[in-house]
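Asker: my_file_5.csv is reproduced below (CSV, C-alpha atoms).
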```
chain,number,residue,atom,x,y,z
A,926,MET,CA,38.8,-56.3,26.6
A,927,ALA,CA,40.6,-58.3,23.8
A,928,PRO,CA,44.2,-57.7,23.1
A,929,GLY,CA,44.7,-54.8,20.7
A,930,SER,CA,41.3,-53.3,21.3
A,931,SER,CA,42.6,-50.2,23.0
A,932,GLY,CA,44.7,-49.4,19.9
A,933,THR,CA,41.7,-49.9,17.7
A,934,LEU,CA,39.6,-47.6,19.9
A,935,PHE,CA,42.3,-45.0,19.9
A,936,VAL,CA,42.4,-45.0,16.1
A,937,ILE,CA,38.6,-44.8,15.8
A,938,THR,CA,38.4,-42.0,18.3
A,939,VAL,CA,41.1,-39.9,16.6
A,940,GLY,CA,39.5,-40.6,13.2
A,941,PHE,CA,36.1,-39.4,14.5
A,942,VAL,CA,37.5,-36.2,16.0
A,943,SER,CA,39.3,-35.5,12.8
A,944,PHE,CA,36.1,-36.0,10.9
A,945,LEU,CA,34.3,-33.5,13.3
A,946,LEU,CA,37.1,-30.9,12.9
A,947,GLY,CA,37.1,-31.3,9.2
A,948,SER,CA,33.3,-31.0,9.0
A,949,SER,CA,33.4,-27.9,11.2
A,950,PHE,CA,36.1,-26.4,9.0
A,951,ALA,CA,34.0,-27.2,5.9
A,952,PHE,CA,30.8,-25.7,7.4
A,953,HIS,CA,32.4,-22.4,8.6
A,954,THR,CA,34.9,-21.6,5.9
A,955,THR,CA,33.7,-19.5,3.0
A,956,SER,CA,35.6,-19.3,-0.2
A,957,PRO,CA,36.7,-15.8,-1.4
A,958,ALA,CA,34.4,-16.1,-4.4
A,959,ALA,CA,31.4,-16.9,-2.1
A,960,GLN,CA,32.3,-14.0,0.2
A,961,GLN,CA,32.3,-11.6,-2.8
A,962,ARG,CA,28.9,-12.9,-4.0
A,963,ARG,CA,27.5,-12.4,-0.5
A,964,CYS,CA,28.9,-8.9,-0.2
A,965,PHE,CA,27.5,-8.0,-3.7
A,966,ALA,CA,24.1,-9.4,-2.7
A,967,TYR,CA,24.1,-7.3,0.5
A,968,LYS,CA,25.1,-4.2,-1.3
A,969,THR,CA,22.4,-4.7,-3.9
A,970,PHE,CA,19.8,-5.2,-1.2
A,971,ARG,CA,21.0,-2.1,0.6
A,972,GLY,CA,21.0,-0.1,-2.6
A,973,ALA,CA,17.4,-1.2,-3.4
A,974,GLN,CA,16.3,-0.1,0.1
A,975,SER,CA,18.0,3.3,-0.3
A,976,LYS,CA,16.4,3.8,-3.7
A,977,ASN,CA,12.9,3.1,-2.3
A,978,ASN,CA,13.5,5.5,0.6
A,979,ILE,CA,14.6,8.3,-1.7
A,980,GLU,CA,11.5,7.8,-3.9
A,981,MET,CA,9.2,7.9,-0.9
A,982,GLU,CA,10.9,11.0,0.5
A,983,ASP,CA,9.5,12.9,-2.5
A,984,ILE,CA,5.9,12.5,-1.5
A,985,ASN,CA,5.5,16.1,-0.3
A,986,ALA,CA,7.2,17.3,-3.4
A,987,ARG,CA,4.8,15.3,-5.6
A,988,LEU,CA,1.8,16.7,-3.7
A,989,THR,CA,3.1,20.2,-4.3
A,990,LYS,CA,3.8,19.6,-7.9
A,991,LEU,CA,0.3,18.2,-8.4
A,992,GLY,CA,-1.2,21.2,-6.5
A,993,LEU,CA,-2.6,18.9,-3.9
A,994,VAL,CA,-2.8,19.3,-0.1
A,995,LEU,CA,-3.8,16.6,2.3
A,996,PRO,CA,-6.9,17.7,4.2
A,997,PRO,CA,-7.0,17.3,8.0
A,998,ALA,CA,-7.8,13.7,9.0
A,999,GLY,CA,-11.5,13.2,9.4
A,1000,ALA,CA,-13.6,11.4,12.0
A,1001,PRO,CA,-15.9,8.4,11.6
A,1002,LYS,CA,-19.6,9.2,10.9
A,1003,ALA,CA,-21.0,6.3,12.9
A,1004,ASN,CA,-19.9,3.4,15.2
A,1005,TYR,CA,-16.6,2.3,13.5
A,1006,GLN,CA,-12.9,3.1,13.2
A,1007,LEU,CA,-11.4,4.9,10.2
A,1008,LEU,CA,-8.4,2.5,10.3
A,1009,HIS,CA,-7.7,-0.9,11.8
A,1010,ARG,CA,-4.3,-2.5,11.9
A,1011,ASP,CA,-3.6,-6.2,11.7
A,1012,GLY,CA,0.1,-6.9,11.7
A,1013,ASP,CA,1.6,-5.0,8.8
A,1014,LEU,CA,-1.7,-4.5,7.1
A,1015,LEU,CA,-3.9,-1.4,7.5
A,1016,TYR,CA,-7.6,-1.6,6.7
A,1017,LEU,CA,-9.1,1.8,6.0
A,1018,SER,CA,-12.9,2.2,6.1
A,1019,GLY,CA,-14.9,3.8,3.3
A,1020,HIS,CA,-13.8,7.4,2.9
A,1021,LEU,CA,-16.1,10.2,1.6
A,1022,PRO,CA,-15.5,12.7,-1.2
A,1023,MET,CA,-15.0,15.6,1.2
A,1024,LYS,CA,-13.4,18.7,-0.3
A,1025,ALA,CA,-10.9,21.0,1.4
A,1026,ASP,CA,-13.7,23.3,2.5
A,1027,GLY,CA,-15.5,20.5,4.3
A,1028,THR,CA,-18.3,20.1,1.8
A,1029,LEU,CA,-19.2,16.8,0.2
A,1030,VAL,CA,-19.6,15.9,-3.4
A,1031,LEU,CA,-23.2,14.8,-3.7
A,1032,GLY,CA,-25.3,13.3,-6.4
A,1033,ALA,CA,-25.5,10.2,-8.6
A,1034,LEU,CA,-23.4,9.4,-11.6
A,1035,ALA,CA,-25.4,9.2,-14.9
A,1036,PRO,CA,-24.8,9.1,-18.6
A,1037,GLU,CA,-23.9,12.5,-20.0
A,1038,ASP,CA,-27.2,13.1,-21.7
A,1039,ILE,CA,-29.0,12.4,-18.5
A,1040,ALA,CA,-26.5,14.2,-16.2
A,1041,ASN,CA,-27.0,17.4,-18.2
A,1042,THR,CA,-30.7,17.5,-17.4
A,1043,SER,CA,-30.4,17.9,-13.6
A,1044,ASP,CA,-28.0,19.1,-10.9
A,1045,ASN,CA,-28.7,15.9,-9.0
A,1046,TYR,CA,-26.6,14.0,-11.5
A,1047,LEU,CA,-22.9,14.0,-12.2
A,1048,THR,CA,-20.9,13.2,-15.3
A,1049,THR,CA,-18.0,10.6,-15.3
A,1050,GLU,CA,-15.5,13.5,-15.2
A,1051,GLN,CA,-17.2,14.9,-12.1
A,1052,GLY,CA,-17.2,11.4,-10.5
A,1053,TYR,CA,-13.5,11.1,-11.3
A,1054,GLU,CA,-12.9,14.2,-9.3
A,1055,ALA,CA,-15.0,13.0,-6.4
A,1056,ALA,CA,-13.0,9.8,-6.3
A,1057,GLN,CA,-9.8,11.9,-6.1
A,1058,HIS,CA,-11.2,13.6,-3.0
A,1059,CYS,CA,-11.8,10.2,-1.5
A,1060,ALA,CA,-8.2,9.2,-2.2
A,1061,LEU,CA,-6.9,12.4,-0.6
A,1062,ASN,CA,-8.9,11.7,2.5
A,1063,LEU,CA,-7.6,8.1,2.6
A,1064,LEU,CA,-4.0,9.4,2.3
A,1065,SER,CA,-4.7,11.9,5.1
A,1066,THR,CA,-6.0,9.2,7.4
A,1067,LEU,CA,-3.0,7.0,6.5
A,1068,ASP,CA,-0.6,9.9,7.1
A,1069,SER,CA,-2.2,10.7,10.5
A,1070,TYR,CA,-1.9,7.1,11.7
A,1071,MET,CA,1.7,6.8,10.6
A,1072,LYS,CA,2.6,10.0,12.4
A,1073,SER,CA,0.9,8.7,15.6
A,1074,GLN,CA,3.3,5.8,15.4
A,1075,GLY,CA,6.3,8.1,15.0
A,1076,SER,CA,6.6,7.5,11.3
A,1077,ASP,CA,5.2,8.9,8.0
A,1078,LEU,CA,4.0,7.9,4.6
A,1079,SER,CA,7.5,6.8,3.5
A,1080,LYS,CA,6.9,3.6,5.5
A,1081,VAL,CA,3.9,2.6,3.3
A,1082,CYS,CA,5.4,-0.1,1.1
A,1083,LYS,CA,2.3,-1.1,-0.9
A,1084,ILE,CA,-1.3,-0.2,-1.5
A,1085,ILE,CA,-2.8,-3.6,-1.7
A,1086,LYS,CA,-6.4,-2.9,-2.8
A,1087,LEU,CA,-9.0,-0.2,-3.4
A,1088,PHE,CA,-12.7,-0.8,-3.2
A,1089,GLY,CA,-15.0,1.8,-4.7
A,1090,ILE,CA,-18.7,2.3,-4.5
A,1091,VAL,CA,-20.3,4.7,-6.9
A,1092,ARG,CA,-23.8,6.0,-6.6
A,1093,SER,CA,-25.3,5.4,-10.0
A,1094,HIS,CA,-28.2,6.0,-12.3
A,1095,SER,CA,-29.6,2.7,-13.5
A,1096,ASP,CA,-28.1,3.4,-17.0
A,1097,PHE,CA,-24.7,4.4,-15.8
A,1098,THR,CA,-21.9,1.8,-16.5
A,1099,GLU,CA,-18.7,3.7,-16.1
A,1100,GLN,CA,-18.0,3.1,-12.4
A,1101,HIS,CA,-14.5,1.8,-13.3
A,1102,LEU,CA,-13.7,5.1,-15.0
A,1103,VAL,CA,-14.8,7.0,-11.9
A,1104,MET,CA,-12.6,4.9,-9.7
A,1105,ASN,CA,-9.6,5.8,-11.9
A,1106,GLY,CA,-9.7,9.1,-10.1
A,1107,ALA,CA,-8.6,7.4,-6.8
A,1108,SER,CA,-6.2,5.0,-8.5
A,1109,ASP,CA,-4.5,7.6,-10.6
A,1110,LEU,CA,-4.0,10.1,-7.7
A,1111,ILE,CA,-2.6,7.5,-5.3
A,1112,GLY,CA,-0.3,6.2,-7.9
A,1113,GLU,CA,1.0,9.7,-8.7
A,1114,VAL,CA,1.5,10.6,-5.0
A,1115,LEU,CA,3.1,7.4,-3.7
A,1116,GLY,CA,4.7,6.3,-7.0
A,1117,LYS,CA,3.7,3.5,-9.4
A,1118,ASP,CA,5.4,0.7,-7.5
A,1119,VAL,CA,3.9,1.5,-4.2
A,1120,GLY,CA,0.5,3.1,-5.0
A,1121,GLY,CA,-0.2,2.5,-8.7
A,1122,SER,CA,-0.3,-1.3,-9.1
A,1123,HIS,CA,-3.0,-2.3,-6.7
A,1124,ALA,CA,-5.9,-4.6,-7.0
A,1125,ARG,CA,-9.3,-2.9,-7.2
A,1126,SER,CA,-13.1,-3.4,-7.4
A,1127,ALA,CA,-15.7,-0.8,-8.4
A,1128,ILE,CA,-19.4,-1.3,-8.1
A,1129,GLY,CA,-22.5,0.8,-8.6
A,1130,THR,CA,-25.4,1.4,-6.1
A,1131,ASN,CA,-28.6,3.4,-6.1
A,1132,THR,CA,-27.8,5.2,-2.9
A,1133,LEU,CA,-24.9,6.0,-0.5
A,1134,PRO,CA,-24.8,7.6,3.0
A,1135,LEU,CA,-25.4,11.3,3.2
A,1136,GLY,CA,-26.2,11.4,-0.5
A,1137,ILE,CA,-22.5,11.2,-1.5
A,1138,ALA,CA,-21.4,10.3,-5.0
A,1139,VAL,CA,-18.5,8.0,-4.3
A,1140,GLU,CA,-17.0,6.0,-1.3
A,1141,VAL,CA,-13.6,4.3,-1.4
A,1142,GLU,CA,-11.9,1.8,1.0
A,1143,MET,CA,-8.2,0.9,1.1
A,1144,ILE,CA,-5.9,-1.9,2.2
A,1145,ALA,CA,-2.3,-0.8,2.7
A,1146,LYS,CA,0.9,-2.6,3.8
A,1147,ILE,CA,3.5,-0.9,5.9
A,1148,ASN,CA,7.1,-1.8,6.7
```
What would you get if you wrote out this structure as structure tokens?
Answerer:
Amino acid sequence: MAPGSSGTLFVITVGFVSFLLGSSFAFHTTSPAAQQRRCFAYKTFRGAQSKNNIEMEDINARLTKLGLVLPPAGAPKANYQLLHRDGDLLYLSGHLPMKADGTLVLGALAPEDIANTSDNYLTTEQGYEAAQHCALNLLSTLDSYMKSQGSDLSKVCKIIKLFGIVRSHSDFTEQHLVMNGASDLIGEVLGKDVGGSHARSAIGTNTLPLGIAVEVEMIAKIN
């Protein structure tokens, strides 16, 4: 080793350690202003969570105010599941317009002048009500599943999409208005942010299982 090398090595070593200590200090020290910003952001996040929880806790009150009661959860009519979970998404099969007394809304939607000629046809307003029954049954299945997981509807954070099939006369073109029955009800019960701003499709068909008027599927996201 050349004369003076040890002194040089010592200086380099001390300098490197000082650099590490300085870097560590820089990485782990937060200024008071940054701490305040972080604290404010945390409080804001917690406040938003509390607000959402309070809104969701009013679900039963909203049902009562609307004069609605969730029917008992139904059972599948063939070889399928009413609900399938994939991560935080729940896929609900097509639900029928079953009333509280267990009867189904039957018939095809038709223009009013045609609907008034036969009991086999329904008006847009009657189809709207049928879609509401579908929505209630969807919420019932959703509620039943959440309870089976030790939770409730307050953990539903978003209705992602509804898909509606409307049994229709060939001249009927108001399937979208029929489906408003399901969209409006879910939005009123779960709130606009959770239930009222979903994606949606509505199509018409000449027939549906059991002669029902409307069938509605749902995709929901949970916490």
Asker: When distances are computed from all atoms listed in the file, which of A:Ser1018, A:Asn1041, A:Thr1132, A:Thr1028 shows the smallest separation from Asn1004 in chain A?
Answerer: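 Ranking A:Ser1018, A:Asn1041, A:Thr1132, A:Thr1028 by distance to Asn1004 in chain A, first place goes to A:Ser1018.
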Asker: Applying 6 Å and all atoms listed in the file, which residues near Ile1090 in chain A remain after dropping the ones on its own chain fewer than 3 positions away? List them as a list in words.
Answerer: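 Listing them by chain and then by number gives Ala1127, Ile1128, Gly1129, Val1139 and Glu1140 of chain A.
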Asker: What is the CA of Leu988 in chain A-CA of Glu1113 in chain A distance in Å, reported with one decimal?
Answerer: 8.6 Å
Asker: Rank A:Cys1082, A:Ala1124, A:Ala1145, A:Leu1067 by their smallest atom-to-atom distance to Ala998 in chain A, using all atoms listed in the file, and report the top residue only.
Answerer: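 Answer, going by the shortest atom-to-atom distance: A:Leu1067.
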Asker: Report as CSV: every residue of range 991-1011 of chain A with an atom at most 10 Å from range 982-986 of chain A, its closest pair of atoms, and their distance in Å to one decimal, counting all atoms listed in the file, with rows sorted by chain and ascending residue number.
Answerer:
```
residue,atom,partner,partner_atom,distance
A:Leu991,CA,A:Ala986,CA,8.6
A:Gly992,CA,A:Ala986,CA,9.8
A:Leu993,CA,A:Asn985,CA,9.3
A:Val994,CA,A:Asn985,CA,8.9
A:Leu995,CA,A:Asn985,CA,9.7
```
Asker: Of the residues A:His1020, A:Lys1117, A:Arg1010, A:Lys990, which is the one nearest to Lys1083 in chain A, using only C-alpha atoms?
Answerer: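 Using only C-alpha atoms, Lys1083 in chain A sits closest to A:Lys1117.
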